Amino acid sequence: MKPNFKPILILAAFLLPLALIIAAVPSDSIRPYKLTAAQMVQLVNQKEHFYSADQVASMLVAKDPSLQLIDVRSPDEFEKFSLPGAINIPLADLLNDQYTDLLNQDIKANVFYSNGTLQANEAWMITRQLGYLNNFVLEGGLNYWFETILNPQAPKTTSPDEEFARYNFRMGAAQALGGGGGLSTESTAKPMTPPAAKTSITPKKKKASGGC
Amino acid sequence: MESSSPTKKVRAYMNPYLAGVLLGLVLLAANFISGRGLGASGAVKSVVVTSVVTVNPHAAESSDFIRDYEKGHTGNPMKNWLVFQMMGVILGAFVSGILSGRLSLKTEHGPQTTSKKRLIFAVAGGILFGFGSQLGRGCTSGSALSGLAVMSAGGILTMMAIFGTGYALAYFFRKNWI
Amino acid sequence: MMGPLSVNDIISGDTNFLLAFFIGIAFGFVLEQAGFSSSRRLAGVFYGYDMTVLKVFFTGGITAMTGILLFGLFGWMDLSMVYVNPTFLTSAISGGVIMGAGFILGGYCPGTSFCGAAIGKVDAMVFIGGLFLGVYIWGFGFDLWKDMYVAGNMGSPKIGEWLGISDGLMALAIVVIAFAAFFVSEWVESRMAKSGKEN
C-alpha cells in the first residue's frame with residue numbers, strides 16, 4: 001500500500017493560507033477591539049485622536065489624498081460653510097450602513113469636525129467603540145480653525161522664529177484655502193512649511209491602534 | 001483507503017481529515033456560541049456529584065471536592081453545559097451508528113486476548129482516565145483538544161503527556177491490541 | 001452580532017443549554033463517523049497500524065484554532081471572553097500521564113467511550129463504569145491530592161506566551177507541525193500495512 005498524501009495536500013491548500021494570514025497580521029489587531037470604560041478614558045486623555053488645525057491645513061494645502069474630512073454638523077450648517085473636500089455625515093446618520101465602508105477602512109484618515117469638538121468627539125467615540133481605528137478629530141473644531149488658520153494673529157516682533165514660521169504657514173494656508181488672511185507684509189513666497197513637529201501624519205494612525 | 005473497516009456490510013468510516021475538519025467546526029461553534037470548548041469528563045463529574053449528594057446528603061459537608069464543585073456551580077449540578085452536550089454526543093453517535101450499520105452489542109479486543117481480559121483492562125483504564133481527568137482538569141476533549149484550539153499552554157502540555165505516556169507504555173500492553 | 005453568543009448575552013442560558021445539546025449531537029456524530037467508537041482503531045495510533053486518532057484530533061484542533069483566530073481578526077468574536085484552560089503545571093503533566101496510561105489500558109478516552117457505548121460496544125460501557133469509579137475515588141480522597149491539584153498555578157497562559165511569540169506565529173507553527181505529523185503518519189501506516197502482508 002502506497003501512502004496517500006492527497007487528502008493532506010487538499011487540507012493544506014485550505015488551512016495553510018489561512019494560518020499564514022493569521023501569522024502575518026500583527027498580534028495586537030487580533031486582540032479584542034471593544035474597549036472598557038477605563039481604556040476609553042485613557043485613550044481620550046492621551047489625545048492621540050486629535051489632528052491639529054495646522055496639520056489638517058498642511059494636508060489640505062498639499063492635497064494629501066490620505067485625508068478625508070467629515071463634517072458631522074447638520075446639512076444646513078454644512079451648506080453655509082465647510083472645509084475643502086469635506087463630506088457631510090450628520091451625527092444622527094453616523095451608523096447608516098452606507099457610511100460603514102468609509103468609516104471602517106485603513107486607507108484614508110477620517111477627520112471629524114464640528115463647530116467645537118463636542119460632536120466630532122462623539123462621532124469618534126462611537127466609531128472607536130465599533131473598532132474602527134482610522135477616525136480622528138479636528139482639534140479645536142471650526143471655531144479654532146477660524147481663529148488660527150483663516151485669521152491668524154501676527155506674532156509680536158519679539159516672538160521666536162518658529163512663531164513667525166507658523167504664522168507664515170497659516171497665512172499661506174488661509175490664502176490657498178480661500179479664507180480671510182488677505183495680504184500680508186510678510187513674504188508669502190516662503191515655502192509653506194508648517195512647523196516640523198506638526199507635519200508628521202503617517203505615524204499617527206499606528207499610534208492610535210497601538211495605544212490600546 | 002478504508003482498508004481497516006471491520007466488515008464489508010457496514011459503511012466505511014469517514015476520511016479522517018474530513019472528519020477532523022468537521023470536528024474542528026463543531027469545536028469552533030462551541031467556542032463561538034458558548035465561549036468554551038467541548039468536554040466529556042466534566043459531565044461524568046456532574047453525575048458523580050449528583051449521585052453522591054442524592055445518596056448521602058451529608059457528603060457535601062464532609063467532602064472538600066463536592067464543596068469545591070458546588071462553590072463553582074449554582075443550582076442543579078445536572079443543569080450543566082457539558083451534561084447537555086454529552087446527552088447530545090450519545091444521541092449523535094447512536095444516529096451515526098444506525099446510519100452506517102454499526103449498531104451491535106460486542107466487545108472489541110485484539111486477536112491475542114480474551115473478552116474477559118479486555119473488559120478488566122477497560123475498567124482499569126476507565127478508573128485511571130476518570131481520576132486523571134479530574135487531576136488534569138479535563139480529558140482528551142476538554143483539556144487536550146479544546147486546549148489546543150485556544151492554544152492553552154496547560155492543555156497542550158496535558159495533550160503531550162497523554163500521548164507521550166501512551167507511546168511509552170504501548171510496548172507493555174501490545175498483546176491487548178495487536 | 002459578536003461571539004461568544006452566550007457570554008455577550010445574545011442568547012439566554014437555556015438556549016445555550018439547548019445549543020449544547022445540538023453541538024453534542026454533531027460532536028458525537030463526527031466522532032462515530034471517524035471511527036472513534038472502536039477501541040482497536042483508537043489504540044492503533046500507539047502501534048502505527050491506524051493513525052486515525054492523530055489525523056482527526058490534529059485536523060480538528062488546527063481547524064478550530066485557525067477559525068477562532070480568524071473570527072477574532074474579523075471582529076466576529078471577542079477572544080478575551082473565550083475560556084482558556086488554566087495551567088497548573090504539576091497536575092497538567094501528572095494528570096496527562098495517568099490519562100495516557102488509562103488510554104493504553106482502556107482503549108478509550110471519556111468522549112469516545114460514550115460514542116462506543118451508544119452503538120453497543122460492551123468494552124466502552126465497562127470503561128464508562130470505570131470512569132465513574134475513577135471520578136468517585138478522586139472525590140473521595142480529594143484531601144489526599146488537593147495540594148497536588150493546586151500546585152504550580154500559572155494562570156491561563158497561551159503557549160505562544162511561553163515561547164515569546166505572537167499567537168498568529170504560534171498558530172502557524174502548530175499547523176506546520178500538524179502537517180508534518182500527517183505526512184509521517186501516512187507513511188507509517190503504509191509501512192505497517194506492507195509489513196503486515198509480508199508476515
# chains A, B, ... in the order shown; residues from 1 in each chain; ligands from 1

call {"tool": "residues_around", "arguments": {"residues": "B:Asn176", "least_positions_apart": "2", "cutoff": "10 Å", "atoms": "only C-alpha atoms", "output": "MDAnalysis selection string"}}
result
(chainID B and resid 109:114 117:118 121 170 172:174 178) or (chainID C and resid 40 43 104:107)

call {"tool": "interface_residues", "arguments": {"of": "chain C", "to": "chain A", "cutoff": "9 Å", "atoms": "only C-alpha atoms", "output": "ChimeraX atom specification"}}
result
/C:59,62-63,66-67,69-75,77-81,166-173,175-176,179,182-183,186-191,193-194

call {"tool": "write_last_selection", "arguments": {"atoms": "C-alpha atoms", "output": "compact mmCIF listing (two decimals), in the first residue's frame"}}
result
# COMPACT_ATOMS: atom_id res chain seq x y z
CA THR C 59 -7.08 18.33 12.00
CA ILE C 62 -5.88 23.23 13.94
CA THR C 63 -9.17 23.87 12.15
CA THR C 66 -7.40 28.83 12.87
CA GLY C 67 -11.12 29.52 12.89
CA LEU C 69 -8.18 33.37 15.46
CA LEU C 70 -9.80 34.37 12.17
CA PHE C 71 -13.08 35.09 13.94
CA GLY C 72 -11.15 37.29 16.34
CA LEU C 73 -9.40 39.02 13.47
CA PHE C 74 -12.66 39.78 11.69
CA GLY C 75 -14.15 41.03 14.92
CA MET C 77 -15.71 37.03 18.33
CA ASP C 78 -14.26 38.65 21.42
CA LEU C 79 -11.29 36.40 22.12
CA SER C 80 -10.84 37.74 25.63
CA MET C 81 -14.19 36.16 26.51
CA SER C 166 2.66 36.02 18.82
CA ASP C 167 -0.47 33.89 18.72
CA GLY C 168 -0.53 34.11 14.95
CA LEU C 169 3.01 32.81 14.51
CA MET C 170 2.42 30.11 17.11
CA ALA C 171 -0.70 29.02 15.25
CA LEU C 172 1.23 28.81 12.01
CA ALA C 173 3.93 26.75 13.74
CA VAL C 175 -0.31 23.98 11.72
CA VAL C 176 3.05 23.20 10.13
CA PHE C 179 1.02 18.65 8.65
CA PHE C 182 0.15 13.86 8.97
CA PHE C 183 2.83 13.01 6.40
CA GLU C 186 0.52 8.28 6.34
CA TRP C 187 3.98 6.92 5.75
CA VAL C 188 3.96 4.82 8.94
CA GLU C 189 0.54 3.41 8.11
CA SER C 190 1.65 2.33 4.65
CA ARG C 191 4.79 0.74 6.09
CA ALA C 193 0.32 -2.37 6.02
CA LYS C 194 3.25 -3.61 3.94

call {"tool": "select_by_dssp", "arguments": {"residues": "stretch 27-102 of chain B", "states": "alpha helix (DSSP H)", "output": "MDAnalysis selection string"}}
result
chainID B and resid 27:34 41:55 59:62 64:72 81:99

call {"tool": "residues_around", "arguments": {"residues": "stretch 137-141 of chain C", "least_positions_apart": "3", "cutoff": "10 Å", "atoms": "only C-alpha atoms", "output": "list of chain:residue names"}}
result
B:Lys45, B:Val48, B:Val49, B:Val52, B:Ala59, B:Ser62, B:Ser63, B:Asp64, B:Phe65, B:Ile66, B:Tyr69, B:Ile127, B:Leu128, B:Gly130, B:Phe131, B:Gly132, B:Ser133, B:Gln134, B:Leu135, C:Leu131, C:Phe132, C:Leu133, C:Gly134, C:Leu144, C:Trp145, C:Lys146

call {"tool": "interface_residues", "arguments": {"of": "chain B", "to": "chain A", "cutoff": "9 Å", "atoms": "only C-alpha atoms", "output": "list in words"}}
result
Met1, Asn15, Tyr17, Leu18 and Val21 of chain B

call {"tool": "write_last_selection", "arguments": {"atoms": "all heavy atoms", "output": "compact mmCIF listing (two decimals), in the first residue's frame"}}
result
# COMPACT_ATOMS: atom_id res chain seq x y z
N MET B 1 -9.32 3.71 0.54
CA MET B 1 -8.40 4.00 1.64
C MET B 1 -8.83 3.34 2.95
O MET B 1 -8.04 3.17 3.84
CB MET B 1 -8.32 5.51 1.86
CG MET B 1 -7.19 6.18 1.10
SD MET B 1 -5.67 5.29 1.21
CE MET B 1 -5.23 5.58 2.94
N ASN B 15 -13.40 9.80 5.81
CA ASN B 15 -11.99 10.17 5.68
C ASN B 15 -11.56 10.96 6.94
O ASN B 15 -12.24 11.90 7.34
CB ASN B 15 -11.80 11.04 4.43
CG ASN B 15 -10.37 11.52 4.28
OD1 ASN B 15 -9.90 12.33 5.07
ND2 ASN B 15 -9.68 10.99 3.29
N TYR B 17 -9.37 13.16 7.63
CA TYR B 17 -9.14 14.61 7.55
C TYR B 17 -10.46 15.37 7.42
O TYR B 17 -10.64 16.43 8.01
CB TYR B 17 -8.22 14.93 6.37
CG TYR B 17 -6.88 14.26 6.52
CD1 TYR B 17 -6.54 13.15 5.77
CD2 TYR B 17 -5.97 14.72 7.46
CE1 TYR B 17 -5.32 12.51 5.93
CE2 TYR B 17 -4.75 14.10 7.63
CZ TYR B 17 -4.43 12.99 6.86
OH TYR B 17 -3.24 12.37 7.04
N LEU B 18 -11.39 14.77 6.66
CA LEU B 18 -12.71 15.39 6.55
C LEU B 18 -13.39 15.39 7.93
O LEU B 18 -13.94 16.41 8.37
CB LEU B 18 -13.56 14.64 5.53
CG LEU B 18 -14.99 15.12 5.37
CD1 LEU B 18 -15.00 16.58 4.92
CD2 LEU B 18 -15.73 14.26 4.35
N VAL B 21 -11.87 18.09 10.04
CA VAL B 21 -12.35 19.44 9.73
C VAL B 21 -13.74 19.64 10.35
O VAL B 21 -14.01 20.67 10.97
CB VAL B 21 -12.39 19.68 8.20
CG1 VAL B 21 -13.14 20.95 7.88
CG2 VAL B 21 -10.99 19.73 7.64
